[in-house]
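Colleague: Here it is, the structure, as structure tokens.
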Amino acid sequence: MVRLRPRLVIAGTHSGVGKTTVSLALMAALKARGLVVQPFKVGPDFIDPGHHQLVTGRSSRNLDGWMLSDAVNQSIFSQASADADVSIVEGMMGLFDGSAARDNRGSTAEMAIQLHAPVLLVIDGSAMARSAAAMAAGYAQFDPALRVKAVLFNRVRSEGHYRLLQEAVESATGLAVVGYLRPDAAVTIADRHLGLRTAIEAGSCEVYDRLAQSAAETIDLDRVEALAWSAGGIVQEHPAVPTVAGCQETIRIGLAYDAACCFYYQDNLELLEAAGAEIVKFSPLHDACLPEVDLLYFGGGYPELYGAALEGNVNLRVAVKQFSESGGAIYAECGGLMYLTEAIRDGEGRRYEMVGVFPAEAVMRTSGMTLGYRIVETMQSCLLGPAGTAVRGHEFHYSLLEPKGELTYACTLADAAGQPVGHDGLMKGNTLALYSHQHFRSCPEMAANLLRAARQAKTIRQVVRKA
């Protein structure tokens, strides 16, 4: 039994309040003070953790009360934070927004309670005065099990306005007000249809340096550090992800990784490595050939924005299709699924040729996002495992599949409440592609299942070649 490390949850009153900006500013400023900062993100998100990693130089980990058990969340936290001076946990949506209307399931509040972590509440102060005190009081008192300890204002233009907000909140609530950030276009990360632009597209840390400077000017970083050190509670220390006993030969996984395809949970990759995988990165945008691998893994991303470049890389598209047709194992999610279809049609109707494993086109919508937690359960044996294997994940995409032929699905799909919402898991031979993103630690055997299927596919291909 050990005490968790210094930690602080950054929560917002609602989506769009500036949690990511504040989180990145604090991470950058604390790192500039010489601290080792371990980042985390609450909820199913790939984009914010990428920015966290650029700022801190450490892999950001996802924590999720719906996809993962309490024990798994605490295991992820305790292992990642073991050698850090302080951990910053960026929340999602509003503080109490999650997968249910009547309790904290899947919310930032739930995670803060699980981690015994104090909460720093971010409020958009741009058009507020004393009303900020009422808002802060409501969030602080809503759940007695939650420790909302302080407030930070975002988008406040002047010191005078900040002092007014600070006096209102501190006099009426007893909460500490630790500072503010000014609106600054120079530190604004551009947005698009699925969220912020990805870190891999940033190419420079200049914006993070500017955020660190801004935070040092208007935020009391000593008080922020003190808040993190005020974290209490005793929890069980958890071991690292165990290596799977009796691993067979190493399976080489070709991981598609570039600006078009970069959505991966770090824990998924580590589970694969623990199960006996060696991960080799390649680029669907830039590489002319595939590396020598036994399994291809295509994550999500923004293939619709790079349609012309993906279409233009004919050699790789042909290589991927040949790998599939020869019985090679391929696992894909969301953007990876789109890449494996016949074509992608963007929001302006432009059509780009893709790999063509599945007889369908991925068509971008200008509205009507598909979003939510998902339970994927296999109807038949496939790369995920035998029939009845259940994995938790989420969907978020604007595209829809337009079939051009017969499509075979390997899985049923249910929402967070367990209600059926259709099918997922396009399957052809040893290729499996899902719209949903899975968190492998919701079903730890999934990593071993993937590698087992890849070994079987490899053996069959070798026999065929010899014949």
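Labels used: A, B, ... for chains in the order of the structure tokens, numbers from 1 for residues in each chain, and numbers from 1 for ligands as shown.
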Using only C-alpha atoms, determine which residues lie at most 10 Å from Ser126 (chain A), disregarding the query and same-chain residues fewer than 3 positions distant; provide the list as a list in words.

Modeller: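 Surrounding residues, per the criterion: Ile123, Ala129, Phe153, Asn154, Arg155, Val156, Arg157, Ser158, His161, Tyr162, Arg182 and Pro183 of chain A.
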
Colleague: Go ahead and save the picked residues with N, CA, C and O atoms, as an mmCIF file, in the first residue's frame.

Modeller:
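Printed below is again-v7.cif as written:
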```cif
data_model
loop_
_atom_site.group_PDB
_atom_site.id
_atom_site.type_symbol
_atom_site.label_atom_id
_atom_site.label_comp_id
_atom_site.auth_asym_id
_atom_site.auth_seq_id
_atom_site.Cartn_x
_atom_site.Cartn_y
_atom_site.Cartn_z
ATOM 1 N N ILE A 123 -12.833 27.953 -15.523
ATOM 2 C CA ILE A 123 -14.047 28.711 -15.859
ATOM 3 C C ILE A 123 -13.695 29.748 -16.913
ATOM 4 O O ILE A 123 -12.685 30.439 -16.805
ATOM 5 N N ALA A 129 -18.805 38.116 -14.070
ATOM 6 C CA ALA A 129 -18.316 38.858 -12.907
ATOM 7 C C ALA A 129 -18.687 38.026 -11.671
ATOM 8 O O ALA A 129 -18.198 36.920 -11.518
ATOM 9 N N PHE A 153 -9.233 30.945 -14.117
ATOM 10 C CA PHE A 153 -10.053 31.578 -15.150
ATOM 11 C C PHE A 153 -9.312 31.610 -16.490
ATOM 12 O O PHE A 153 -8.108 31.893 -16.546
ATOM 13 N N ASN A 154 -10.060 31.335 -17.534
ATOM 14 C CA ASN A 154 -9.512 31.399 -18.887
ATOM 15 C C ASN A 154 -10.173 32.548 -19.647
ATOM 16 O O ASN A 154 -11.286 32.955 -19.331
ATOM 17 N N ARG A 155 -9.442 33.081 -20.628
ATOM 18 C CA ARG A 155 -9.937 34.126 -21.532
ATOM 19 C C ARG A 155 -10.310 35.417 -20.790
ATOM 20 O O ARG A 155 -11.321 36.049 -21.069
ATOM 21 N N VAL A 156 -9.488 35.779 -19.836
ATOM 22 C CA VAL A 156 -9.672 37.044 -19.103
ATOM 23 C C VAL A 156 -8.656 38.049 -19.648
ATOM 24 O O VAL A 156 -7.455 37.798 -19.622
ATOM 25 N N ARG A 157 -9.126 39.195 -20.104
ATOM 26 C CA ARG A 157 -8.261 40.113 -20.838
ATOM 27 C C ARG A 157 -7.434 41.049 -19.961
ATOM 28 O O ARG A 157 -6.384 41.531 -20.392
ATOM 29 N N SER A 158 -7.889 41.324 -18.745
ATOM 30 C CA SER A 158 -7.175 42.325 -17.940
ATOM 31 C C SER A 158 -6.994 41.865 -16.508
ATOM 32 O O SER A 158 -7.767 41.049 -15.983
ATOM 33 N N HIS A 161 -10.122 42.839 -14.401
ATOM 34 C CA HIS A 161 -11.236 41.889 -14.508
ATOM 35 C C HIS A 161 -10.943 40.640 -13.673
ATOM 36 O O HIS A 161 -11.814 40.119 -12.970
ATOM 37 N N TYR A 162 -9.711 40.176 -13.727
ATOM 38 C CA TYR A 162 -9.336 38.993 -12.948
ATOM 39 C C TYR A 162 -9.518 39.254 -11.449
ATOM 40 O O TYR A 162 -10.041 38.408 -10.726
ATOM 41 N N ARG A 182 -4.829 34.822 -20.429
ATOM 42 C CA ARG A 182 -5.413 35.790 -21.359
ATOM 43 C C ARG A 182 -5.740 35.116 -22.692
ATOM 44 O O ARG A 182 -5.067 34.160 -23.086
ATOM 45 N N PRO A 183 -6.723 35.609 -23.431
ATOM 46 C CA PRO A 183 -6.946 35.108 -24.792
ATOM 47 C C PRO A 183 -5.774 35.517 -25.668
ATOM 48 O O PRO A 183 -5.328 36.659 -25.629
#
```

Colleague: Quick one: everything within 10 Å of Thr378 (chain A), counting only C-alpha atoms, minus sequence neighbours fewer than 2 positions away in the same chain. Send it as a list in words.

Modeller: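 Non-adjacent residues within range: Val376, Gln380, Ser381, Cys382, Leu383, Leu384, Gly385, Pro386, Ala387, Gly388, Thr389, Ala390, Val391, Tyr409, Ala410, Cys411, Thr412, Leu413, His423, Asp424 and Gly425 of chain A.
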
Colleague: Within 10 Å of Asp346 (chain A), counting only C-alpha atoms, which residues qualify if same-chain residues fewer than 5 places away don't, as a list in words?

Modeller: Pro303, Glu304, Leu305, Tyr306, Gly307, Arg351, Tyr352, Ala362, Val363, Met364, Arg365, Thr366 and Ser399 of chain A

Colleague: Please list as a PyMOL selection string every residue within 9 Å of region 256-269 of chain A, counting only C-alpha atoms and excluding residues in the same chain fewer than 4 positions away.

Modeller: chain A and resi 45-47+50+59-62+76+198-201+241+273-274+277+279-286+296-307+310+333+335-336+437-441+447

Colleague: Using only C-alpha atoms, which protein or nucleic acid residues come within 10 Å of Gln166 (chain A)? Drop anything in the same chain fewer than 5 positions from it, and give the result as a list in words.

Modeller: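 Using only C-alpha atoms, the neighbours found are Ala129, Arg130, Ala132, Ala133, Val151, Leu152, Phe153, Gly160, His161, Ser171, Leu175, Ala176, Val177, Val178, Gly179 and Tyr180 of chain A.
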
Colleague: CA of Ala228 (chain A) and CA of Ser69 (chain A) are how many Å apart?

Modeller: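 Computing the Euclidean distance for CA of Ala228 (chain A) and CA of Ser69 (chain A) yields 23.9 Å.
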
Colleague: So that I can see what lies close to region 37-42 of chain A, please list as an MDAnalysis selection string the residues with an atom at most 9 Å from it, counting only C-alpha atoms and leaving out residues fewer than 3 positions away in the same chain.

Modeller: chainID A and resid 23 27:28 30:31 45:46 48:49 52:53 56:65 77 80:81 83:92 106:108 111

Colleague: Write down as JSON, numbers by chain the residues of region 124-321 of chain A whose backbone DSSP state falls under helix (DSSP H, G or I).

Modeller: {"A": [131, 132, 133, 134, 135, 136, 137, 138, 139, 140, 141, 159, 160, 161, 162, 163, 164, 165, 166, 167, 168, 169, 170, 171, 172, 173, 185, 186, 187, 199, 200, 201, 202, 206, 207, 208, 209, 210, 211, 212, 213, 214, 215, 216, 217, 218, 221, 222, 223, 224, 225, 226, 227, 228, 229, 266, 267, 268, 269, 270, 271, 272, 273, 274, 303, 304, 305, 306, 307, 308, 309, 310, 311, 312, 314, 315, 316, 317, 318, 319, 320, 321]}

Colleague: Excluding Gln114 (chain A) and residues on its chain fewer than 6 positions from it, collect all residues at most 9 Å away from it, counting only C-alpha atoms, and give them as a PyMOL selection string.

Modeller: chain A and resi 65+70+73-74

Colleague: Using the chain letters and numbers from this document, which residues of region 353-418 of chain A does DSSP assign to strand (DSSP E), as a VMD selection string?

Modeller: chain A and resid 353 358 to 364 370 to 378 390 to 397 399 to 403 409 to 414

Colleague: Hey, can you check how far CA of Leu434 (chain A) sits from CA of Ala288 (chain A)?

Modeller: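 Interatomic distance here is 25.4 Å.
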
Colleague: Calculated over only C-alpha atoms, which of the candidates A:Leu221, A:Ala275, A:Leu24, A:Val314 has the smallest distance to Ala448 (chain A)?

Modeller: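 Smallest separation from Ala448 (chain A) among the options: A:Ala275.
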